[in-house]
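Peer 1: Structure file start30.txt (compact mmCIF, C-alpha atoms (C1' of nucleotides)) right here:
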# COMPACT_ATOMS: atom_id res chain seq x y z
CA MET P 1 -18.99 5.44 -38.24
CA ILE P 2 -20.14 7.50 -41.24
CA SER P 3 -21.10 5.74 -44.48
CA ILE P 4 -18.45 5.96 -47.20
CA ASP P 5 -21.06 7.31 -49.61
CA THR P 6 -21.87 10.25 -47.35
CA LEU P 7 -18.20 10.97 -46.79
CA LEU P 8 -17.44 10.93 -50.52
CA ALA P 9 -20.46 13.14 -51.24
CA TRP P 10 -19.00 15.70 -48.84
CA GLY P 11 -15.63 15.65 -50.54
CA ALA P 12 -13.66 13.12 -48.49
CA THR P 13 -10.55 11.57 -50.06
CA TYR P 14 -8.93 8.17 -49.81
CA LYS P 15 -5.36 7.72 -48.64
CA LYS P 16 -3.25 4.57 -48.88
CA ILE P 17 -0.89 3.84 -45.98
CA GLY P 18 2.01 1.39 -46.01
CA PRO P 19 2.70 -0.94 -43.06
CA HIS P 20 4.39 0.59 -39.97
CA GLU P 21 3.76 4.17 -41.11
CA THR P 22 2.85 7.14 -38.91
CA ILE P 23 -0.49 8.72 -39.85
CA PHE P 24 -0.31 11.56 -37.33
CA ARG P 25 1.87 12.33 -34.34
CA GLU P 26 1.02 13.16 -30.72
CA GLY P 27 1.18 16.88 -29.99
CA THR P 28 0.60 18.07 -33.55
CA GLU P 29 -2.48 19.89 -34.79
CA GLY P 30 -5.34 17.93 -36.31
CA HIS P 31 -7.24 19.15 -39.33
CA PHE P 32 -8.90 15.96 -40.53
CA TYR P 33 -11.58 13.48 -39.67
CA HIS P 34 -10.07 9.99 -40.16
CA GLN P 35 -11.90 6.75 -40.78
CA LEU P 36 -10.29 3.38 -41.40
CA VAL P 37 -11.51 1.61 -44.56
CA SER P 38 -9.28 -1.46 -44.56
CA GLY P 39 -6.21 -2.73 -42.75
CA SER P 40 -5.30 -2.10 -39.11
CA VAL P 41 -4.20 0.99 -37.20
CA ARG P 42 -3.22 1.51 -33.58
CA TRP P 43 -3.55 4.71 -31.58
CA ILE P 44 -0.70 4.97 -29.08
CA ASN P 45 1.35 6.96 -26.64
CA ILE P 46 5.08 6.55 -26.41
CA GLY P 47 6.83 6.73 -23.04
CA ASP P 48 10.32 7.89 -22.11
CA GLU P 49 12.22 4.77 -23.11
CA GLY P 50 10.24 4.17 -26.29
CA ASN P 51 7.77 1.90 -24.56
CA GLU P 52 4.35 2.01 -26.13
CA PHE P 53 0.91 2.28 -24.55
CA ILE P 54 -1.88 1.24 -26.92
CA GLN P 55 -4.91 3.44 -26.33
CA GLN P 56 -6.94 1.69 -29.01
CA MET P 57 -6.63 -0.79 -31.84
CA ILE P 58 -8.68 0.60 -34.71
CA GLU P 59 -10.60 -1.78 -36.93
CA PRO P 60 -12.14 -1.08 -40.37
CA GLY P 61 -15.18 1.18 -40.16
CA GLU P 62 -13.96 2.94 -37.02
CA SER P 63 -12.94 6.59 -36.81
CA PHE P 64 -9.89 7.86 -34.91
CA GLY P 65 -8.08 11.01 -33.84
CA GLU P 66 -11.32 12.99 -33.34
CA TYR P 67 -10.53 14.98 -30.16
CA PRO P 68 -8.93 17.91 -32.01
CA LEU P 69 -12.03 18.25 -34.18
CA PHE P 70 -14.16 18.98 -31.12
CA ASP P 71 -11.97 20.72 -28.57
CA GLY P 72 -9.47 22.39 -30.91
CA SER P 73 -6.41 21.05 -29.08
CA VAL P 74 -3.59 18.86 -30.43
CA TYR P 75 -3.56 15.09 -30.95
CA ALA P 76 -3.41 13.22 -27.64
CA GLY P 77 -1.63 10.25 -29.23
CA SER P 78 -0.01 9.04 -32.44
CA ALA P 79 -1.66 6.82 -35.06
CA MET P 80 0.48 4.10 -36.65
CA SER P 81 -0.50 1.50 -39.22
CA ASN P 82 0.02 -2.15 -38.30
CA THR P 83 -0.50 -3.39 -41.84
CA GLU P 84 -1.03 -1.81 -45.23
CA SER P 85 -4.21 0.23 -44.79
CA VAL P 86 -6.63 2.54 -46.54
CA ILE P 87 -8.17 5.50 -44.73
CA ILE P 88 -10.70 8.09 -45.81
CA ARG P 89 -10.30 11.70 -44.64
CA LEU P 90 -12.52 14.75 -44.43
CA HIS P 91 -11.51 18.31 -43.61
CA LYS P 92 -12.32 19.45 -40.08
CA HIS P 93 -14.50 22.32 -41.21
CA THR P 94 -16.51 20.15 -43.59
CA PHE P 95 -16.87 17.51 -40.90
CA ARG P 96 -18.39 19.99 -38.48
CA GLN P 97 -20.77 21.21 -41.18
CA LEU P 98 -21.80 17.61 -41.78
CA LEU P 99 -22.58 17.14 -38.06
CA LYS P 100 -24.77 20.23 -38.07
CA GLU P 101 -26.60 18.98 -41.14
CA TYR P 102 -27.18 15.49 -39.69
CA PRO P 103 -27.98 15.63 -35.95
CA GLU P 104 -28.42 11.85 -35.94
CA ILE P 105 -24.75 11.45 -36.91
CA HIS P 106 -23.82 13.89 -34.17
CA PHE P 107 -25.77 11.78 -31.67
CA ALA P 108 -23.99 8.68 -32.92
CA PHE P 109 -20.68 10.37 -32.11
CA THR P 110 -21.82 11.37 -28.65
CA LYS P 111 -22.79 7.76 -28.09
CA LEU P 112 -19.41 6.58 -29.35
CA PHE P 113 -17.61 9.01 -27.02
CA SER P 114 -19.74 7.80 -24.17
CA GLU P 115 -18.75 4.20 -24.83
CA ARG P 116 -15.08 5.13 -25.15
CA LEU P 117 -15.19 7.06 -21.88
CA ARG P 118 -16.80 4.04 -20.30
CA PHE P 119 -13.98 1.79 -21.52
CA LYS P 120 -11.26 4.19 -20.42
CA SER P 121 -12.90 4.52 -17.01
CA LEU P 122 -12.97 0.75 -16.74
CA LEU P 123 -9.31 0.43 -17.68
CA LEU P 124 -8.27 3.16 -15.24
CA LYS P 125 -10.10 1.34 -12.48
CA GLU P 126 -8.31 -1.87 -13.42
CA LEU P 127 -4.82 -0.36 -13.64
CA SER P 128 -5.37 1.38 -10.35
CA CYS P 129 -7.11 -1.30 -8.28
CA PHE P 130 -6.22 -4.72 -9.65
CA GLY P 131 -3.31 -7.02 -10.47
CA PRO P 132 -2.23 -8.59 -13.76
CA GLU P 133 -4.66 -11.50 -13.97
CA HIS P 134 -7.71 -9.40 -13.15
CA ARG P 135 -6.68 -6.74 -15.66
CA ILE P 136 -6.24 -9.21 -18.48
CA SER P 137 -9.41 -11.07 -17.62
CA THR P 138 -11.42 -7.82 -17.64
CA LEU P 139 -9.87 -6.75 -20.94
CA PHE P 140 -10.80 -10.06 -22.57
CA ASN P 141 -14.35 -9.80 -21.27
CA TYR P 142 -14.60 -6.37 -22.79
CA PHE P 143 -13.31 -7.71 -26.11
CA LYS P 144 -15.89 -10.47 -25.99
CA GLU P 145 -18.82 -8.19 -25.23
CA SER P 146 -17.85 -5.47 -27.68
CA LYS P 147 -16.63 -7.96 -30.30
CA LYS P 148 -13.38 -6.06 -30.64
CA ASN P 149 -9.97 -7.67 -31.29
CA ILE P 150 -11.58 -11.07 -31.28
CA CYS P 151 -12.68 -13.57 -33.92
CA TYR P 152 -16.43 -13.56 -33.44
CA GLN P 153 -16.76 -17.15 -34.66
CA CYS P 154 -14.01 -18.92 -32.71
CA SER P 155 -13.44 -16.38 -29.88
CA GLN P 156 -9.74 -16.19 -30.63
CA ILE P 157 -8.04 -13.06 -29.30
CA ARG P 158 -6.40 -11.36 -32.27
CA LEU P 159 -3.58 -9.70 -30.31
CA THR P 160 -0.04 -10.73 -29.46
CA ARG P 161 1.02 -10.94 -25.82
CA GLN P 162 3.19 -7.91 -26.40
CA GLN P 163 0.16 -5.93 -27.55
CA ILE P 164 -1.86 -7.09 -24.54
CA ALA P 165 1.03 -5.96 -22.35
CA ASN P 166 1.00 -2.57 -24.07
CA MET P 167 -2.71 -2.19 -23.33
CA THR P 168 -2.55 -3.16 -19.65
CA GLY P 169 0.68 -1.52 -18.51
CA LEU P 170 2.39 -4.88 -17.96
CA ARG P 171 5.46 -6.61 -19.45
CA VAL P 172 5.28 -9.48 -21.93
CA GLU P 173 6.59 -12.02 -19.46
CA THR P 174 4.00 -11.03 -16.89
CA VAL P 175 1.23 -11.30 -19.50
CA ILE P 176 2.47 -14.74 -20.58
CA ARG P 177 2.58 -16.01 -16.98
CA SER P 178 -0.80 -14.45 -16.08
CA ILE P 179 -2.49 -15.96 -19.12
CA LYS P 180 -1.04 -19.34 -18.17
CA ASN P 181 -2.55 -18.95 -14.70
CA LEU P 182 -5.92 -18.01 -16.18
CA GLN P 183 -5.74 -21.16 -18.28
CA HIS P 184 -5.09 -23.28 -15.20
CA LYS P 185 -8.10 -21.65 -13.57
CA GLY P 186 -10.15 -22.63 -16.64
CA GLU P 187 -10.96 -19.05 -17.61
CA LEU P 188 -9.56 -19.48 -21.11
CA VAL P 189 -7.92 -21.96 -23.47
CA ILE P 190 -4.48 -21.79 -25.07
CA ASP P 191 -3.82 -23.86 -28.17
CA ARG P 192 -0.50 -23.51 -30.01
CA GLY P 193 -0.05 -20.11 -28.40
CA LYS P 194 -3.46 -18.88 -29.59
CA ILE P 195 -5.80 -17.63 -26.89
CA TYR P 196 -9.49 -18.58 -26.95
CA CYS P 197 -11.99 -17.32 -24.39
CA MET R 1 -22.66 23.09 -18.26
CA ILE R 2 -26.27 24.15 -18.87
CA SER R 3 -27.59 27.39 -17.35
CA ILE R 4 -29.80 26.91 -14.31
CA ASP R 5 -32.49 29.03 -15.94
CA THR R 6 -32.67 26.79 -18.98
CA LEU R 7 -32.76 23.69 -16.80
CA LEU R 8 -35.58 25.09 -14.64
CA ALA R 9 -37.52 26.16 -17.73
CA TRP R 10 -37.39 22.56 -18.92
CA GLY R 11 -38.66 21.25 -15.62
CA ALA R 12 -35.49 20.36 -13.72
CA THR R 13 -35.71 19.98 -9.95
CA TYR R 14 -33.30 20.72 -7.12
CA LYS R 15 -32.15 18.07 -4.70
CA LYS R 16 -30.32 18.58 -1.44
CA ILE R 17 -27.69 16.01 -0.49
CA GLY R 18 -26.13 15.52 2.94
CA PRO R 19 -22.41 14.91 3.39
CA HIS R 20 -21.08 11.39 2.58
CA GLU R 21 -24.26 10.36 0.80
CA THR R 22 -24.54 8.16 -2.29
CA ILE R 23 -26.23 9.93 -5.21
CA PHE R 24 -26.16 6.95 -7.55
CA ARG R 25 -24.45 3.59 -7.56
CA GLU R 26 -22.22 1.86 -10.13
CA GLY R 27 -24.11 -0.72 -12.17
CA THR R 28 -27.58 0.75 -11.70
CA GLU R 29 -29.68 2.36 -14.42
CA GLY R 30 -29.51 6.10 -14.95
CA HIS R 31 -32.59 8.15 -15.74
CA PHE R 32 -31.38 11.67 -14.90
CA TYR R 33 -29.07 14.39 -16.06
CA HIS R 34 -27.18 15.63 -12.95
CA GLN R 35 -25.51 18.98 -12.46
CA LEU R 36 -23.80 20.14 -9.28
CA VAL R 37 -25.02 23.51 -8.00
CA SER R 38 -23.05 23.80 -4.77
CA GLY R 39 -20.88 21.60 -2.57
CA SER R 40 -18.54 18.84 -3.72
CA VAL R 41 -19.12 15.41 -5.25
CA ARG R 42 -16.73 12.66 -6.29
CA TRP R 43 -17.31 10.08 -8.99
CA ILE R 44 -15.63 6.80 -8.02
CA ASN R 45 -15.11 3.11 -8.49
CA ILE R 46 -14.72 0.78 -5.56
CA GLY R 47 -12.30 -2.15 -5.75
CA ASP R 48 -12.40 -5.55 -4.08
CA GLU R 49 -11.14 -4.51 -0.66
CA GLY R 50 -13.13 -1.31 -0.51
CA ASN R 51 -10.30 0.75 -1.99
CA GLU R 52 -11.53 3.69 -3.97
CA PHE R 53 -10.46 5.01 -7.36
CA ILE R 54 -11.53 8.60 -7.94
CA GLN R 55 -12.50 9.05 -11.60
CA GLN R 56 -13.36 12.70 -11.11
CA MET R 57 -13.87 15.34 -8.45
CA ILE R 58 -16.93 17.32 -9.49
CA GLU R 59 -17.03 21.05 -8.81
CA PRO R 60 -20.09 23.35 -8.88
CA GLY R 61 -21.35 23.97 -12.41
CA GLU R 62 -20.16 20.59 -13.70
CA SER R 63 -22.38 17.76 -14.83
CA PHE R 64 -21.81 14.11 -13.96
CA GLY R 65 -23.09 10.61 -14.63
CA GLU R 66 -23.97 11.32 -18.27
CA TYR R 67 -22.87 8.11 -20.00
CA PRO R 68 -26.20 6.30 -19.48
CA LEU R 69 -28.02 9.23 -21.09
CA PHE R 70 -26.14 8.68 -24.34
CA ASP R 71 -25.38 4.98 -24.63
CA GLY R 72 -28.25 3.58 -22.60
CA SER R 73 -26.05 1.41 -20.39
CA VAL R 74 -25.68 1.49 -16.58
CA TYR R 75 -23.62 3.87 -14.44
CA ALA R 76 -19.88 3.19 -14.79
CA GLY R 77 -19.18 4.52 -11.29
CA SER R 78 -20.83 5.74 -8.11
CA ALA R 79 -21.35 9.38 -7.15
CA MET R 80 -20.80 10.31 -3.51
CA SER R 81 -21.03 13.72 -1.87
CA ASN R 82 -17.96 14.97 -0.02
CA THR R 83 -19.82 17.79 1.70
CA GLU R 84 -23.42 18.94 1.93
CA SER R 85 -24.38 19.64 -1.70
CA VAL R 86 -27.19 20.78 -3.95
CA ILE R 87 -27.74 19.20 -7.35
CA ILE R 88 -30.21 19.92 -10.10
CA ARG R 89 -31.70 17.05 -12.10
CA LEU R 90 -33.50 16.66 -15.40
CA HIS R 91 -35.23 13.55 -16.76
CA LYS R 92 -33.28 11.65 -19.43
CA HIS R 93 -35.99 12.03 -22.02
CA THR R 94 -36.36 15.78 -21.47
CA PHE R 95 -32.58 16.17 -21.55
CA ARG R 96 -32.35 14.55 -24.96
CA GLN R 97 -35.17 16.76 -26.24
CA LEU R 98 -33.26 19.78 -24.96
CA LEU R 99 -30.14 18.68 -26.86
CA LYS R 100 -32.13 18.36 -30.07
CA GLU R 101 -33.61 21.79 -29.53
CA TYR R 102 -30.24 23.44 -28.83
CA PRO R 103 -27.48 22.00 -31.08
CA GLU R 104 -24.98 24.43 -29.53
CA ILE R 105 -25.50 22.75 -26.14
CA HIS R 106 -25.05 19.39 -27.82
CA PHE R 107 -21.74 20.60 -29.29
CA ALA R 108 -20.68 21.84 -25.86
CA PHE R 109 -21.23 18.31 -24.56
CA THR R 110 -19.22 16.75 -27.36
CA LYS R 111 -16.43 19.16 -26.54
CA LEU R 112 -16.66 18.26 -22.86
CA PHE R 113 -16.52 14.55 -23.69
CA SER R 114 -13.53 15.19 -25.90
CA GLU R 115 -11.67 16.91 -23.06
CA ARG R 116 -12.57 14.16 -20.63
CA LEU R 117 -11.36 11.48 -23.05
CA ARG R 118 -8.18 13.47 -23.42
CA PHE R 119 -7.66 13.51 -19.66
CA LYS R 120 -8.43 9.82 -19.25
CA SER R 121 -6.05 9.00 -22.09
CA LEU R 122 -3.37 11.05 -20.37
CA LEU R 123 -3.91 9.30 -17.05
CA LEU R 124 -3.87 5.86 -18.66
CA LYS R 125 -0.57 6.69 -20.30
CA GLU R 126 0.80 7.82 -16.93
CA LEU R 127 -0.41 4.79 -14.97
CA SER R 128 0.97 2.51 -17.64
CA CYS R 129 4.30 4.14 -18.47
CA PHE R 130 5.49 6.18 -15.49
CA GLY R 131 6.33 5.97 -11.80
CA PRO R 132 4.85 7.81 -8.80
CA GLU R 133 6.65 11.18 -9.10
CA HIS R 134 5.93 11.56 -12.80
CA ARG R 135 2.28 10.63 -12.31
CA ILE R 136 1.75 13.16 -9.54
CA SER R 137 3.65 15.85 -11.38
CA THR R 138 1.54 15.34 -14.52
CA LEU R 139 -1.67 15.38 -12.49
CA PHE R 140 -0.73 18.67 -10.84
CA ASN R 141 0.14 20.20 -14.21
CA TYR R 142 -3.27 19.19 -15.47
CA PHE R 143 -4.93 20.77 -12.43
CA LYS R 144 -2.99 23.95 -13.05
CA GLU R 145 -3.88 24.20 -16.74
CA SER R 146 -7.52 23.25 -16.33
CA LYS R 147 -7.90 25.20 -13.05
CA LYS R 148 -9.43 22.16 -11.40
CA ASN R 149 -8.91 21.16 -7.74
CA ILE R 150 -6.65 24.13 -7.25
CA CYS R 151 -7.01 27.59 -5.70
CA TYR R 152 -6.55 29.79 -8.73
CA GLN R 153 -5.15 32.65 -6.65
CA CYS R 154 -2.57 30.85 -4.51
CA SER R 155 -2.11 27.64 -6.56
CA GLN R 156 -2.84 25.48 -3.54
CA ILE R 157 -3.90 21.93 -4.39
CA ARG R 158 -7.28 21.38 -2.77
CA LEU R 159 -6.94 17.61 -2.30
CA THR R 160 -5.67 15.45 0.52
CA ARG R 161 -2.77 13.06 -0.12
CA GLN R 162 -5.21 10.20 0.25
CA GLN R 163 -7.35 11.64 -2.55
CA ILE R 164 -4.29 12.11 -4.76
CA ALA R 165 -3.41 8.48 -4.05
CA ASN R 166 -6.92 7.44 -5.07
CA MET R 167 -6.57 9.29 -8.37
CA THR R 168 -3.15 7.89 -9.30
CA GLY R 169 -3.39 4.29 -8.18
CA LEU R 170 -0.82 4.77 -5.42
CA ARG R 171 -0.83 4.49 -1.60
CA VAL R 172 -0.84 7.47 0.74
CA GLU R 173 2.67 6.80 1.98
CA THR R 174 4.00 6.67 -1.57
CA VAL R 175 2.24 9.94 -2.41
CA ILE R 176 3.66 11.61 0.71
CA ARG R 177 7.20 10.46 -0.10
CA SER R 178 6.91 11.35 -3.80
CA ILE R 179 5.62 14.83 -3.05
CA LYS R 180 8.53 15.30 -0.63
CA ASN R 181 10.92 14.35 -3.44
CA LEU R 182 9.23 16.76 -5.83
CA GLN R 183 9.69 19.48 -3.23
CA HIS R 184 13.43 18.71 -2.95
CA LYS R 185 13.64 18.97 -6.73
CA GLY R 186 11.97 22.38 -6.49
CA GLU R 187 8.92 21.37 -8.50
CA LEU R 188 6.53 22.46 -5.76
CA VAL R 189 6.34 23.96 -2.27
CA ILE R 190 4.95 22.39 0.90
CA ASP R 191 3.95 24.68 3.76
CA ARG R 192 2.26 23.22 6.86
CA GLY R 193 1.27 20.21 4.80
CA LYS R 194 -0.38 22.34 2.12
CA ILE R 195 0.89 21.82 -1.43
CA TYR R 196 1.51 24.82 -3.70
CA CYS R 197 2.65 24.47 -7.29
C1' DC H 1 12.75 -29.46 -46.30
C1' DC H 2 15.70 -26.01 -44.22
C1' DT H 3 16.29 -21.03 -42.97
C1' DT H 4 14.96 -16.84 -40.74
C1' DG H 5 12.48 -13.82 -37.81
C1' DT H 6 8.92 -13.21 -34.67
C1' DT H 7 6.37 -14.79 -30.84
C1' DT H 8 5.89 -17.58 -26.82
C1' DA H 9 7.92 -19.75 -22.86
C1' DT H 10 10.52 -20.31 -18.38
C1' DG H 11 13.93 -19.74 -14.68
C1' DA H 12 16.79 -16.57 -11.56
C1' DT H 13 17.47 -12.18 -9.58
C1' DT H 14 16.35 -7.50 -8.42
C1' DA H 15 14.04 -3.12 -7.58
C1' DT H 16 10.16 -0.74 -6.27
C1' DG H 17 6.09 0.39 -4.18
C1' DA H 18 2.87 -1.88 -0.68
C1' DT H 19 2.28 -2.89 3.84
C1' DC H 20 2.78 -2.45 8.77
C1' DA H 21 3.77 0.17 12.81
C1' DT H 22 4.11 4.53 15.10
C1' DA H 23 4.76 9.21 15.65
C1' DT H 24 3.83 14.04 14.86
C1' DC H 25 1.27 17.88 13.27
C1' DA H 26 -2.68 21.11 12.19
C1' DG H 27 -7.11 22.71 12.80
C1' DA H 28 -11.75 22.73 15.16
C1' DC H 29 -14.28 23.30 19.20
C1' DG H 30 -15.92 23.48 23.88
C1' DC X 1 -5.99 26.51 26.70
C1' DG X 2 -6.21 21.54 26.47
C1' DT X 3 -8.55 17.84 23.91
C1' DC X 4 -9.75 15.35 20.05
C1' DT X 5 -9.69 13.95 15.17
C1' DG X 6 -8.14 13.54 10.70
C1' DA X 7 -4.07 14.31 7.96
C1' DT X 8 0.78 14.11 7.34
C1' DA X 9 5.20 12.01 8.27
C1' DT X 10 8.87 8.33 8.57
C1' DG X 11 11.25 3.98 9.29
C1' DA X 12 11.43 -1.24 8.56
C1' DT X 13 10.08 -5.20 6.13
C1' DC X 14 7.82 -7.72 2.50
C1' DA X 15 5.65 -9.15 -1.88
C1' DT X 16 5.21 -8.71 -6.57
C1' DA X 17 6.07 -7.58 -11.07
C1' DA X 18 10.20 -5.92 -13.73
C1' DT X 19 14.34 -7.22 -15.52
C1' DC X 20 17.77 -10.23 -17.45
C1' DA X 21 19.05 -14.39 -19.79
C1' DT X 22 18.08 -18.03 -22.71
C1' DA X 23 15.44 -21.45 -25.06
C1' DA X 24 11.67 -23.42 -27.65
C1' DA X 25 7.81 -23.02 -30.82
C1' DC X 26 5.69 -21.35 -34.78
C1' DA X 27 4.82 -19.05 -39.42
C1' DA X 28 6.43 -17.59 -43.83
C1' DG X 29 9.14 -18.10 -47.85
C1' DG X 30 12.30 -20.04 -50.97
The structure given in the file should be rewritten as structure tokens.
Peer 2:
Amino acid sequence: MISIDTLLAWGATYKKIGPHETIFREGTEGHFYHQLVSGSVRWINIGDEGNEFIQQMIEPGESFGEYPLFDGSVYAGSAMSNTESVIIRLHKHTFRQLLKEYPEIHFAFTKLFSERLRFKSLLLKELSCFGPEHRISTLFNYFKESKKNICYQCSQIRLTRQQIANMTGLRVETVIRSIKNLQHKGELVIDRGKIYC
Amino acid sequence: MISIDTLLAWGATYKKIGPHETIFREGTEGHFYHQLVSGSVRWINIGDEGNEFIQQMIEPGESFGEYPLFDGSVYAGSAMSNTESVIIRLHKHTFRQLLKEYPEIHFAFTKLFSERLRFKSLLLKELSCFGPEHRISTLFNYFKESKKNICYQCSQIRLTRQQIANMTGLRVETVIRSIKNLQHKGELVIDRGKIYC
DNA sequence: CCTTGTTTATGATTATGATCATATCAGACG
DNA sequence: CGTCTGATATGATCATAATCATAAACAAGG
């Protein structure tokens, strides 16, 4: 979102994260702007029986955990690393100063929020109105258009079926069976378990 | 969101809307900033068999349909009036000029977006991880805290069971039965069909 | 090449919310 | 006051995804 140079100039610091580590926890106060430099992070909620809902998979260059910086409330979800990762952090106060200094960066954030709201609205509509196959199909289309969680050369979905389940409110088995059905309908291709669409 | 005076000074115009009218339609281009002055509007998606998902009930003073103003894409849902309403509109271009002129208004919008993202994240978590009673209970708690869709004197929920169903991805009958259960558990009170919590 | 752990796959059974069918209630209005 | 309409209520049945159980495939590492 923000160039590394700008962040460093404003006093941001790097932080190295091991695999399967918690970066921040739902319900706690947030004092930092976070941006992923390398690796992979997921932003999740955890239900009663430890079941996970993935709100977003964060890819290098993307920011995460921003709500507290704008509305002053606590984190709405937890951030966990999938692999060894590097993040860059900036203090909340400095971040807000930076936005005031650079209105164009502020507008970029409003645009980002707009797109995220759009995606969450889409997902809500899906979870509420449609069955498994439709949900998965819509999710894949979104990945394709936004070039997220997908290899942009070979169109391979870079998520496990468990992760897809955790993004659509379904169980692994249902995802596996639904994807099979979508293959039979010719909507996608499965080769050695890998999904291409 | 923005004071009527400011809006008028920048050339906004009033528009009167009859009951059950469409203000804008999902998938079409958006050229206006909309703010509800009086009446009631809902922002919805419509599924395959005409079933409705209510993304938001808009109350006087609130703005709606802003995504296209920021990310340049089409409307993510349709806006329909529930009752006779009055809205005030400002051209997209003028709106963006206004934001540049008043950074504090821009920050107010970022905050609003933050809160909306927070709510949508919460709902997604609910739809994905929890059953009917939990969903409804969480929704009511949100109404209580945010003072939305609730009479702030008597705590009466100002929504029909059908509308609650359309916000939680459930059917009316399920909502009716779940609310009954919540009453038995003492989580709320039902009097002549009205829900108090 | 074999071993180990994770991911994908598939069948059988079950539980839950959707659906269908009807009935009752509350409020508005002439 | 009766009439009408939209909302709430309740029982019976059904369909679908969850759950449980188990197996096969694949990737990584020595």
Peer 1: Mind checking which residues fall within 10 Å of range 3-20 of chain H, counting only C-alpha atoms (C1' of nucleotides), ignoring those fewer than 4 positions away in the same chain, and posting them as a count of residues only?
Peer 2: 35
Peer 1: Any idea what the distance is between CA of Ile4 in chain P and CA of Ile88 in chain P?
Peer 2: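 These atoms are spaced 8.2 Å apart.
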Peer 1: Separation of CA of Glu52 in chain P and CA of Ala165 in chain R, in Å?
Peer 2: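 Between CA of Glu52 in chain P and CA of Ala165 in chain R the gap is 24.3 Å.
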Peer 1: Could you tell me which residues of chain X sit within 12 Å of chain R when counting only C-alpha atoms (C1' of nucleotides), and give me the result as an MDAnalysis selection string?
Peer 2: chainID X and resid 6:11
Peer 1: Would you save the residues from that selection as a compact mmCIF listing (two decimals), keeping the file's coordinate frame, using C-alpha atoms (C1' of nucleotides)?
Peer 2:
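What ended up in part24.txt:
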# COMPACT_ATOMS: atom_id res chain seq x y z
C1' DG X 6 -8.14 13.54 10.70
C1' DA X 7 -4.07 14.31 7.96
C1' DT X 8 0.78 14.11 7.34
C1' DA X 9 5.20 12.01 8.27
C1' DT X 10 8.87 8.33 8.57
C1' DG X 11 11.25 3.98 9.29
Peer 1: Please, which residues of chain P lie no more than 6 Å from chain R when the count uses all atoms listed in the file, and can they be set out as a VMD selection string?
Peer 2: chain P and resid 47 67 70 to 71 111 114 117 128 to 129 169
Peer 1: What is the distance between CA of Phe32 in chain R and CA of Leu98 in chain R, in Å to one decimal?
Peer 2: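 The value is 13.1 Å.
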